[in-house]
file run25.txt (compact mmCIF, N, CA and C atoms)
# COMPACT_ATOMS: atom_id res chain seq x y z
N MET A 1 24.48 22.51 0.62
CA MET A 1 23.21 23.07 1.00
C MET A 1 22.18 21.98 1.26
N GLY A 2 22.07 20.97 0.39
CA GLY A 2 21.19 19.84 0.63
C GLY A 2 19.72 20.13 0.37
N ARG A 3 18.92 19.25 0.93
CA ARG A 3 17.46 19.36 0.76
C ARG A 3 16.91 20.55 1.54
N PRO A 4 15.84 21.15 1.02
CA PRO A 4 15.22 22.26 1.76
C PRO A 4 14.58 21.74 3.04
N LYS A 5 14.52 22.59 4.03
CA LYS A 5 13.87 22.26 5.31
C LYS A 5 12.82 23.32 5.60
N ALA A 6 11.87 22.97 6.42
CA ALA A 6 10.81 23.91 6.79
C ALA A 6 10.61 23.87 8.29
N SER A 7 10.03 24.93 8.81
CA SER A 7 9.69 24.97 10.23
C SER A 7 8.58 23.96 10.50
N GLN A 8 8.47 23.53 11.75
CA GLN A 8 7.41 22.61 12.12
C GLN A 8 6.05 23.26 11.91
N GLU A 9 5.98 24.58 12.14
CA GLU A 9 4.73 25.30 11.92
C GLU A 9 4.27 25.17 10.47
N PHE A 10 5.21 25.34 9.54
CA PHE A 10 4.87 25.24 8.12
C PHE A 10 4.49 23.81 7.75
N ILE A 11 5.23 22.83 8.25
CA ILE A 11 4.90 21.41 8.00
C ILE A 11 3.49 21.12 8.50
N ASP A 12 3.17 21.61 9.71
CA ASP A 12 1.83 21.39 10.28
C ASP A 12 0.76 22.03 9.41
N MET A 13 1.03 23.23 8.91
CA MET A 13 0.07 23.91 8.03
C MET A 13 -0.12 23.14 6.73
N LEU A 14 0.98 22.63 6.18
CA LEU A 14 0.89 21.84 4.95
C LEU A 14 0.12 20.55 5.19
N ASN A 15 0.33 19.94 6.36
CA ASN A 15 -0.41 18.71 6.68
C ASN A 15 -1.90 18.99 6.87
N GLU A 16 -2.23 20.15 7.40
CA GLU A 16 -3.64 20.52 7.51
C GLU A 16 -4.25 20.63 6.10
N ALA A 17 -3.51 21.24 5.19
CA ALA A 17 -3.97 21.35 3.81
C ALA A 17 -4.12 19.96 3.18
N LEU A 18 -3.17 19.08 3.45
CA LEU A 18 -3.25 17.72 2.93
C LEU A 18 -4.49 17.01 3.45
N ALA A 19 -4.78 17.14 4.74
CA ALA A 19 -5.98 16.52 5.32
C ALA A 19 -7.25 17.07 4.67
N GLU A 20 -7.25 18.37 4.38
CA GLU A 20 -8.40 18.99 3.72
C GLU A 20 -8.55 18.49 2.28
N GLU A 21 -7.43 18.35 1.58
CA GLU A 21 -7.48 17.85 0.20
C GLU A 21 -8.01 16.41 0.18
N MET A 22 -7.55 15.59 1.12
CA MET A 22 -8.03 14.21 1.16
C MET A 22 -9.52 14.16 1.48
N ALA A 23 -9.99 15.04 2.36
CA ALA A 23 -11.43 15.12 2.65
C ALA A 23 -12.19 15.53 1.38
N SER A 24 -11.63 16.46 0.64
CA SER A 24 -12.28 16.91 -0.60
C SER A 24 -12.41 15.78 -1.60
N ILE A 25 -11.37 14.95 -1.69
CA ILE A 25 -11.44 13.80 -2.60
C ILE A 25 -12.65 12.94 -2.27
N PHE A 26 -12.78 12.58 -0.99
CA PHE A 26 -13.89 11.72 -0.57
C PHE A 26 -15.24 12.41 -0.74
N GLN A 27 -15.30 13.68 -0.37
CA GLN A 27 -16.57 14.39 -0.47
C GLN A 27 -17.03 14.48 -1.93
N TYR A 28 -16.13 14.87 -2.82
CA TYR A 28 -16.50 14.95 -4.24
C TYR A 28 -16.82 13.57 -4.81
N MET A 29 -16.05 12.56 -4.41
CA MET A 29 -16.29 11.21 -4.91
C MET A 29 -17.67 10.71 -4.51
N TRP A 30 -18.02 10.87 -3.23
CA TRP A 30 -19.33 10.41 -2.78
C TRP A 30 -20.44 11.24 -3.39
N ASP A 31 -20.24 12.54 -3.52
CA ASP A 31 -21.26 13.36 -4.16
C ASP A 31 -21.46 12.92 -5.62
N HIS A 32 -20.37 12.54 -6.28
CA HIS A 32 -20.46 12.03 -7.65
C HIS A 32 -21.35 10.79 -7.69
N ILE A 33 -21.17 9.91 -6.73
CA ILE A 33 -21.92 8.66 -6.69
C ILE A 33 -23.38 8.88 -6.28
N LEU A 34 -23.61 9.78 -5.33
CA LEU A 34 -24.93 9.97 -4.75
C LEU A 34 -25.80 11.00 -5.46
N ALA A 35 -25.25 11.73 -6.43
CA ALA A 35 -26.00 12.79 -7.11
C ALA A 35 -27.23 12.21 -7.82
N ARG A 36 -28.37 12.85 -7.57
CA ARG A 36 -29.64 12.43 -8.18
C ARG A 36 -30.38 13.65 -8.70
N GLY A 37 -31.20 13.43 -9.72
CA GLY A 37 -32.03 14.51 -10.24
C GLY A 37 -31.78 14.74 -11.72
N MET A 38 -32.60 15.59 -12.30
CA MET A 38 -32.54 15.81 -13.74
C MET A 38 -31.20 16.38 -14.20
N GLU A 39 -30.58 17.23 -13.38
CA GLU A 39 -29.31 17.85 -13.77
C GLU A 39 -28.11 17.08 -13.23
N SER A 40 -28.36 15.94 -12.62
CA SER A 40 -27.30 15.27 -11.88
C SER A 40 -26.17 14.74 -12.74
N LEU A 41 -26.44 14.32 -13.98
CA LEU A 41 -25.36 13.74 -14.78
C LEU A 41 -24.21 14.71 -15.00
N ALA A 42 -24.53 15.93 -15.43
CA ALA A 42 -23.48 16.92 -15.68
C ALA A 42 -22.78 17.32 -14.39
N ILE A 43 -23.56 17.51 -13.33
CA ILE A 43 -22.97 17.93 -12.06
C ILE A 43 -22.16 16.79 -11.45
N ALA A 44 -22.65 15.57 -11.56
CA ALA A 44 -21.90 14.42 -11.05
C ALA A 44 -20.56 14.30 -11.75
N GLU A 45 -20.54 14.53 -13.05
CA GLU A 45 -19.27 14.48 -13.79
C GLU A 45 -18.33 15.59 -13.31
N LYS A 46 -18.88 16.75 -12.99
CA LYS A 46 -18.06 17.85 -12.45
C LYS A 46 -17.47 17.44 -11.11
N PHE A 47 -18.28 16.79 -10.25
CA PHE A 47 -17.77 16.31 -8.96
C PHE A 47 -16.62 15.32 -9.18
N LYS A 48 -16.76 14.43 -10.14
CA LYS A 48 -15.70 13.44 -10.43
C LYS A 48 -14.43 14.15 -10.88
N GLU A 49 -14.57 15.11 -11.77
CA GLU A 49 -13.43 15.88 -12.26
C GLU A 49 -12.72 16.60 -11.10
N LEU A 50 -13.51 17.20 -10.22
CA LEU A 50 -12.94 17.91 -9.07
C LEU A 50 -12.24 16.95 -8.12
N ALA A 51 -12.80 15.77 -7.92
CA ALA A 51 -12.15 14.77 -7.05
C ALA A 51 -10.76 14.42 -7.58
N MET A 52 -10.65 14.28 -8.89
CA MET A 52 -9.35 13.95 -9.50
C MET A 52 -8.34 15.08 -9.31
N THR A 53 -8.80 16.31 -9.45
CA THR A 53 -7.91 17.45 -9.24
C THR A 53 -7.46 17.51 -7.78
N GLU A 54 -8.39 17.26 -6.86
CA GLU A 54 -8.03 17.28 -5.44
C GLU A 54 -7.01 16.18 -5.12
N MET A 55 -7.12 15.05 -5.81
CA MET A 55 -6.15 13.97 -5.61
C MET A 55 -4.76 14.42 -6.05
N ARG A 56 -4.71 15.14 -7.16
CA ARG A 56 -3.42 15.66 -7.63
C ARG A 56 -2.85 16.65 -6.61
N HIS A 57 -3.71 17.50 -6.05
CA HIS A 57 -3.26 18.46 -5.02
C HIS A 57 -2.72 17.72 -3.80
N ALA A 58 -3.43 16.70 -3.36
CA ALA A 58 -2.99 15.93 -2.18
C ALA A 58 -1.62 15.31 -2.44
N TYR A 59 -1.45 14.76 -3.62
CA TYR A 59 -0.17 14.13 -3.97
C TYR A 59 0.96 15.17 -3.98
N MET A 60 0.69 16.34 -4.56
CA MET A 60 1.69 17.41 -4.60
C MET A 60 2.09 17.84 -3.19
N LEU A 61 1.10 18.00 -2.32
CA LEU A 61 1.37 18.43 -0.94
C LEU A 61 2.16 17.36 -0.19
N ALA A 62 1.77 16.10 -0.33
CA ALA A 62 2.47 15.01 0.37
C ALA A 62 3.94 14.95 -0.07
N GLU A 63 4.17 15.07 -1.36
CA GLU A 63 5.55 15.06 -1.86
C GLU A 63 6.35 16.23 -1.28
N ARG A 64 5.74 17.40 -1.23
CA ARG A 64 6.44 18.59 -0.73
C ARG A 64 6.74 18.46 0.76
N ILE A 65 5.77 17.97 1.53
CA ILE A 65 5.97 17.77 2.97
C ILE A 65 7.15 16.82 3.19
N ASP A 66 7.19 15.73 2.43
CA ASP A 66 8.30 14.77 2.56
C ASP A 66 9.63 15.43 2.20
N LEU A 67 9.66 16.18 1.12
CA LEU A 67 10.89 16.85 0.70
C LEU A 67 11.39 17.84 1.75
N LEU A 68 10.44 18.49 2.45
CA LEU A 68 10.81 19.48 3.46
C LEU A 68 11.18 18.85 4.80
N GLY A 69 11.18 17.52 4.86
CA GLY A 69 11.60 16.83 6.08
C GLY A 69 10.47 16.45 7.01
N GLY A 70 9.25 16.63 6.57
CA GLY A 70 8.09 16.27 7.40
C GLY A 70 7.54 14.91 7.02
N VAL A 71 6.53 14.49 7.75
CA VAL A 71 5.85 13.23 7.47
C VAL A 71 4.41 13.58 7.04
N PRO A 72 4.03 13.23 5.82
CA PRO A 72 2.67 13.53 5.38
C PRO A 72 1.63 12.84 6.26
N THR A 73 0.60 13.58 6.59
CA THR A 73 -0.45 13.04 7.45
C THR A 73 -1.28 12.00 6.71
N THR A 74 -1.88 11.10 7.49
CA THR A 74 -2.85 10.16 6.95
C THR A 74 -4.25 10.51 7.45
N GLN A 75 -4.34 11.59 8.21
CA GLN A 75 -5.63 12.03 8.74
C GLN A 75 -6.44 12.71 7.65
N VAL A 76 -7.74 12.52 7.72
CA VAL A 76 -8.65 13.14 6.77
C VAL A 76 -9.53 14.11 7.54
N ALA A 77 -9.65 15.32 7.05
CA ALA A 77 -10.52 16.32 7.68
C ALA A 77 -11.98 15.87 7.56
N PRO A 78 -12.87 16.46 8.36
CA PRO A 78 -14.29 16.09 8.28
C PRO A 78 -14.88 16.34 6.90
N ILE A 79 -15.84 15.50 6.54
CA ILE A 79 -16.52 15.65 5.25
C ILE A 79 -18.02 15.75 5.47
N LYS A 80 -18.69 16.34 4.49
CA LYS A 80 -20.15 16.44 4.49
C LYS A 80 -20.66 15.64 3.30
N ILE A 81 -21.51 14.68 3.58
CA ILE A 81 -22.06 13.85 2.51
C ILE A 81 -23.57 13.90 2.58
N GLY A 82 -24.18 13.96 1.41
CA GLY A 82 -25.63 13.84 1.35
C GLY A 82 -26.34 15.14 1.08
N GLY A 83 -27.66 15.06 1.16
CA GLY A 83 -28.50 16.19 0.82
C GLY A 83 -28.86 16.13 -0.65
N ASP A 84 -29.64 17.09 -1.07
CA ASP A 84 -29.99 17.14 -2.48
C ASP A 84 -28.83 17.74 -3.27
N LEU A 85 -28.98 17.76 -4.56
CA LEU A 85 -27.91 18.21 -5.45
C LEU A 85 -27.46 19.63 -5.12
N ARG A 86 -28.42 20.52 -4.87
CA ARG A 86 -28.08 21.91 -4.54
C ARG A 86 -27.26 21.96 -3.25
N GLN A 87 -27.65 21.18 -2.24
CA GLN A 87 -26.92 21.16 -0.97
C GLN A 87 -25.50 20.66 -1.18
N MET A 88 -25.35 19.64 -2.02
CA MET A 88 -24.01 19.12 -2.32
C MET A 88 -23.13 20.22 -2.91
N VAL A 89 -23.67 20.94 -3.88
CA VAL A 89 -22.89 22.01 -4.54
C VAL A 89 -22.56 23.10 -3.52
N GLU A 90 -23.54 23.48 -2.69
CA GLU A 90 -23.29 24.52 -1.68
C GLU A 90 -22.24 24.07 -0.67
N ASP A 91 -22.31 22.80 -0.22
CA ASP A 91 -21.30 22.29 0.73
C ASP A 91 -19.91 22.31 0.10
N ASN A 92 -19.83 21.91 -1.16
CA ASN A 92 -18.54 21.90 -1.84
C ASN A 92 -18.01 23.30 -2.08
N LEU A 93 -18.90 24.22 -2.38
CA LEU A 93 -18.48 25.61 -2.57
C LEU A 93 -17.91 26.17 -1.26
N GLN A 94 -18.56 25.88 -0.16
CA GLN A 94 -18.05 26.33 1.15
C GLN A 94 -16.66 25.74 1.40
N LEU A 95 -16.47 24.47 1.05
CA LEU A 95 -15.17 23.82 1.20
C LEU A 95 -14.11 24.56 0.37
N GLU A 96 -14.46 24.95 -0.84
CA GLU A 96 -13.52 25.66 -1.71
C GLU A 96 -13.21 27.05 -1.15
N TYR A 97 -14.21 27.75 -0.63
CA TYR A 97 -13.95 29.06 -0.02
C TYR A 97 -12.97 28.94 1.14
N GLU A 98 -13.18 27.93 1.98
CA GLU A 98 -12.27 27.72 3.12
C GLU A 98 -10.87 27.38 2.63
N ALA A 99 -10.78 26.60 1.57
CA ALA A 99 -9.48 26.24 1.01
C ALA A 99 -8.76 27.46 0.44
N ILE A 100 -9.50 28.36 -0.19
CA ILE A 100 -8.90 29.58 -0.72
C ILE A 100 -8.24 30.36 0.41
N ASP A 101 -8.95 30.54 1.50
CA ASP A 101 -8.38 31.25 2.66
C ASP A 101 -7.15 30.53 3.19
N MET A 102 -7.24 29.20 3.28
CA MET A 102 -6.13 28.41 3.80
C MET A 102 -4.90 28.54 2.90
N TYR A 103 -5.08 28.46 1.59
CA TYR A 103 -3.93 28.56 0.68
C TYR A 103 -3.32 29.96 0.68
N ARG A 104 -4.12 30.97 0.88
CA ARG A 104 -3.56 32.32 0.99
C ARG A 104 -2.67 32.43 2.22
N ARG A 105 -3.10 31.83 3.34
CA ARG A 105 -2.26 31.82 4.55
C ARG A 105 -0.98 31.02 4.32
N LEU A 106 -1.11 29.89 3.64
CA LEU A 106 0.07 29.06 3.36
C LEU A 106 1.07 29.78 2.47
N ILE A 107 0.58 30.51 1.49
CA ILE A 107 1.48 31.27 0.60
C ILE A 107 2.25 32.32 1.41
N LYS A 108 1.56 33.00 2.30
CA LYS A 108 2.25 33.98 3.16
C LYS A 108 3.31 33.30 4.02
N GLN A 109 2.99 32.11 4.54
CA GLN A 109 3.95 31.38 5.37
C GLN A 109 5.15 30.93 4.53
N ALA A 110 4.90 30.50 3.30
CA ALA A 110 6.00 30.09 2.41
C ALA A 110 6.93 31.27 2.15
N GLU A 111 6.36 32.46 1.98
CA GLU A 111 7.19 33.65 1.80
C GLU A 111 8.00 33.93 3.05
N LYS A 112 7.38 33.81 4.20
CA LYS A 112 8.06 34.01 5.48
C LYS A 112 9.21 33.00 5.66
N GLU A 113 8.99 31.78 5.17
CA GLU A 113 10.00 30.72 5.26
C GLU A 113 11.07 30.86 4.17
N GLU A 114 10.89 31.83 3.29
CA GLU A 114 11.80 32.03 2.16
C GLU A 114 11.90 30.75 1.32
N ASP A 115 10.73 30.22 0.97
CA ASP A 115 10.63 28.97 0.22
C ASP A 115 9.83 29.22 -1.06
N PRO A 116 10.52 29.72 -2.11
CA PRO A 116 9.81 30.05 -3.34
C PRO A 116 9.21 28.83 -4.05
N ALA A 117 9.82 27.66 -3.92
CA ALA A 117 9.27 26.47 -4.58
C ALA A 117 7.92 26.09 -3.97
N SER A 118 7.83 26.11 -2.64
CA SER A 118 6.54 25.83 -1.99
C SER A 118 5.53 26.90 -2.35
N ARG A 119 5.97 28.16 -2.38
CA ARG A 119 5.05 29.25 -2.73
C ARG A 119 4.45 29.02 -4.11
N ARG A 120 5.28 28.67 -5.09
CA ARG A 120 4.78 28.45 -6.45
C ARG A 120 3.81 27.26 -6.49
N LEU A 121 4.13 26.19 -5.79
CA LEU A 121 3.24 25.03 -5.73
C LEU A 121 1.89 25.43 -5.13
N LEU A 122 1.93 26.18 -4.04
CA LEU A 122 0.70 26.61 -3.36
C LEU A 122 -0.10 27.59 -4.22
N GLU A 123 0.59 28.43 -4.97
CA GLU A 123 -0.11 29.35 -5.88
C GLU A 123 -0.83 28.57 -6.99
N GLU A 124 -0.21 27.50 -7.46
CA GLU A 124 -0.85 26.66 -8.48
C GLU A 124 -2.12 26.02 -7.92
N ILE A 125 -2.03 25.49 -6.70
CA ILE A 125 -3.21 24.89 -6.06
C ILE A 125 -4.28 25.95 -5.81
N LEU A 126 -3.87 27.14 -5.36
CA LEU A 126 -4.82 28.23 -5.13
C LEU A 126 -5.55 28.59 -6.42
N LYS A 127 -4.83 28.67 -7.52
CA LYS A 127 -5.44 28.98 -8.82
C LYS A 127 -6.52 27.96 -9.14
N ASP A 128 -6.20 26.68 -9.01
CA ASP A 128 -7.19 25.62 -9.26
C ASP A 128 -8.40 25.76 -8.34
N THR A 129 -8.13 26.05 -7.08
CA THR A 129 -9.19 26.15 -6.08
C THR A 129 -10.12 27.32 -6.38
N GLU A 130 -9.55 28.44 -6.78
CA GLU A 130 -10.38 29.58 -7.19
C GLU A 130 -11.24 29.24 -8.39
N GLU A 131 -10.69 28.48 -9.34
CA GLU A 131 -11.46 28.04 -10.50
C GLU A 131 -12.58 27.09 -10.08
N HIS A 132 -12.31 26.21 -9.13
CA HIS A 132 -13.35 25.30 -8.62
C HIS A 132 -14.50 26.12 -8.03
N ALA A 133 -14.16 27.12 -7.22
CA ALA A 133 -15.19 27.95 -6.60
C ALA A 133 -16.01 28.66 -7.68
N ARG A 134 -15.34 29.19 -8.70
CA ARG A 134 -16.05 29.86 -9.80
C ARG A 134 -17.01 28.90 -10.50
N ASP A 135 -16.55 27.68 -10.76
CA ASP A 135 -17.40 26.69 -11.44
C ASP A 135 -18.62 26.32 -10.59
N LEU A 136 -18.41 26.15 -9.28
CA LEU A 136 -19.52 25.81 -8.40
C LEU A 136 -20.49 26.98 -8.25
N GLU A 137 -19.95 28.19 -8.20
CA GLU A 137 -20.81 29.38 -8.16
C GLU A 137 -21.69 29.43 -9.41
N ALA A 138 -21.10 29.11 -10.56
CA ALA A 138 -21.86 29.13 -11.82
C ALA A 138 -22.99 28.10 -11.79
N LEU A 139 -22.73 26.94 -11.20
CA LEU A 139 -23.79 25.92 -11.08
C LEU A 139 -24.95 26.43 -10.23
N LEU A 140 -24.62 27.26 -9.25
CA LEU A 140 -25.65 27.81 -8.36
C LEU A 140 -26.26 29.11 -8.89
N GLY A 141 -25.75 29.58 -10.02
CA GLY A 141 -26.26 30.83 -10.60
C GLY A 141 -25.81 32.06 -9.84
N LYS A 142 -24.65 31.98 -9.20
CA LYS A 142 -24.12 33.12 -8.44
C LYS A 142 -23.22 33.97 -9.31
call {"tool": "encode", "arguments": {"input": "run25.txt", "output": "structure tokens"}}
result
Amino acid sequence: MGRPKASQEFIDMLNEALAEEMASIFQYMWDHILARGMESLAIAEKFKELAMTEMRHAYMLAERIDLLGGVPTTQVAPIKIGGDLRQMVEDNLQLEYEAIDMYRRLIKQAEKEEDPASRRLLEEILKDTEEHARDLEALLGK
């Protein structure tokens, strides 16, 4: 039977997710560095924590893409840097909302590909992403 294989469509979707995760790493990292204001210390630490989680997600996706016979992308999706602390949190929350939608589509594709290992990996990342959104919503009082 050998190593699992995936369709090019699925590899492309996974690479899009990888590019988004890498963008998230940079966005959270820079927001951690640039955060200013009375509440910035706690929020900056949250940004740092989220950057580390996004790095773990990127690594998981890259390994899976390689295992499925694809080549992990080195492209980074667009990032938003700057603004006041509230703007940073709002930009990051929007990024997490988009990621939630993306991971739901990827999970459906993994099911279509009959790839339960990828599905489980993507569900784990989705769970983390939903928690990130909840934490950022809490910072905004939503």
call {"tool": "residues_around", "arguments": {"input": "run25.txt", "residues": "range 99-107 of chain A", "least_positions_apart": "4", "cutoff": "6.5 Å", "atoms": "all atoms listed in the file", "output": "PDB file with N, CA and C atoms, keeping the file's coordinate frame"}}
result
ATOM      1  N   GLN A  94     -18.560  25.880  -0.160  1.00  0.00           N
ATOM      2  CA  GLN A  94     -18.050  26.330   1.150  1.00  0.00           C
ATOM      3  C   GLN A  94     -16.660  25.740   1.400  1.00  0.00           C
ATOM      4  N   LEU A  95     -16.470  24.470   1.050  1.00  0.00           N
ATOM      5  CA  LEU A  95     -15.170  23.820   1.200  1.00  0.00           C
ATOM      6  C   LEU A  95     -14.110  24.560   0.370  1.00  0.00           C
ATOM      7  N   GLU A 111       6.360  32.460   1.980  1.00  0.00           N
ATOM      8  CA  GLU A 111       7.190  33.650   1.800  1.00  0.00           C
ATOM      9  C   GLU A 111       8.000  33.930   3.050  1.00  0.00           C
ATOM     10  N   LYS A 112       7.380  33.810   4.200  1.00  0.00           N
ATOM     11  CA  LYS A 112       8.060  34.010   5.480  1.00  0.00           C
ATOM     12  C   LYS A 112       9.210  33.000   5.660  1.00  0.00           C
ATOM     13  N   ARG A 119       5.970  28.160  -2.380  1.00  0.00           N
ATOM     14  CA  ARG A 119       5.050  29.250  -2.730  1.00  0.00           C
ATOM     15  C   ARG A 119       4.450  29.020  -4.110  1.00  0.00           C
ATOM     16  N   LEU A 122       1.930  26.180  -4.040  1.00  0.00           N
ATOM     17  CA  LEU A 122       0.700  26.610  -3.360  1.00  0.00           C
ATOM     18  C   LEU A 122      -0.100  27.590  -4.220  1.00  0.00           C
ATOM     19  N   GLU A 123       0.590  28.430  -4.970  1.00  0.00           N
ATOM     20  CA  GLU A 123      -0.110  29.350  -5.880  1.00  0.00           C
ATOM     21  C   GLU A 123      -0.830  28.570  -6.990  1.00  0.00           C
ATOM     22  N   LEU A 126      -3.870  27.140  -5.360  1.00  0.00           N
ATOM     23  CA  LEU A 126      -4.820  28.230  -5.130  1.00  0.00           C
ATOM     24  C   LEU A 126      -5.550  28.590  -6.420  1.00  0.00           C
ATOM     25  N   THR A 129      -8.130  26.050  -7.080  1.00  0.00           N
ATOM     26  CA  THR A 129      -9.190  26.150  -6.080  1.00  0.00           C
ATOM     27  C   THR A 129     -10.120  27.320  -6.380  1.00  0.00           C
ATOM     28  N   GLU A 130      -9.550  28.440  -6.780  1.00  0.00           N
ATOM     29  CA  GLU A 130     -10.380  29.580  -7.190  1.00  0.00           C
ATOM     30  C   GLU A 130     -11.240  29.240  -8.390  1.00  0.00           C
TER      31      GLU A 130
END
call {"tool": "residues_near_point", "arguments": {"input": "run25.txt", "point": "(-25.0, 27.0, -9.5)", "cutoff": "12 Å", "atoms": "only C-alpha atoms", "output": "list in words"}}
result
Glu39, Ala42, Ile43, Lys46, Leu85, Arg86, Gln87, Met88, Val89, Glu90, Asp91, Asn92, Leu93, His132, Ala133, Arg134, Asp135, Leu136, Glu137, Ala138, Leu139, Leu140, Gly141 and Lys142 of chain A
call {"tool": "residues_around", "arguments": {"input": "run25.txt", "residues": "range 52-63 of chain A", "least_positions_apart": "5", "cutoff": "8 Å", "atoms": "all atoms listed in the file", "output": "list in words"}}
result
Leu14, Asn15, Ala17, Leu18, Ala19, Glu20, Glu21, Met22, Ser24, Ile25, Phe26, Tyr28, Met29, Lys46, Phe47, Leu68, Gly69, Gly70, Val71, Pro72, Thr73, Leu121 and Ile125 of chain A
call {"tool": "atom_distance", "arguments": {"input": "run25.txt", "atom1": "CA of Gln27 in chain A", "atom2": "CA of Glu131 in chain A"}}
result
17.7 Å
call {"tool": "atom_distance", "arguments": {"input": "run25.txt", "atom1": "CA of Ile11 in chain A", "atom2": "atom N of Glu124 in chain A"}}
result
17.4 Å
call {"tool": "atom_distance", "arguments": {"input": "run25.txt", "atom1": "CA of Ile81 in chain A", "atom2": "atom N of Trp30 in chain A"}}
result
7.6 Å
call {"tool": "axis_aligned_box", "arguments": {"input": "run25.txt", "around": "range 124-134 of chain A", "padding_each_side": "5 Å", "output": "lines of an AutoDock Vina configuration file"}}
result
center_x = -8.6
center_y = 27.4
center_z = -7.8
size_x = 26.8
size_y = 15.0
size_z = 15.4
call {"tool": "select_by_dssp", "arguments": {"input": "run25.txt", "residues": "range 42-113 of chain A", "states": "helix (DSSP H, G or I)", "output": "ChimeraX atom specification"}}
result
/A:42-67,85-112
call {"tool": "closest_residue", "arguments": {"input": "run25.txt", "among": "A:Leu67, A:Ala35, A:Ala117, A:Leu41", "to": "Pro4 in chain A", "atoms": "only N, CA and C atoms"}}
result
A:Leu67
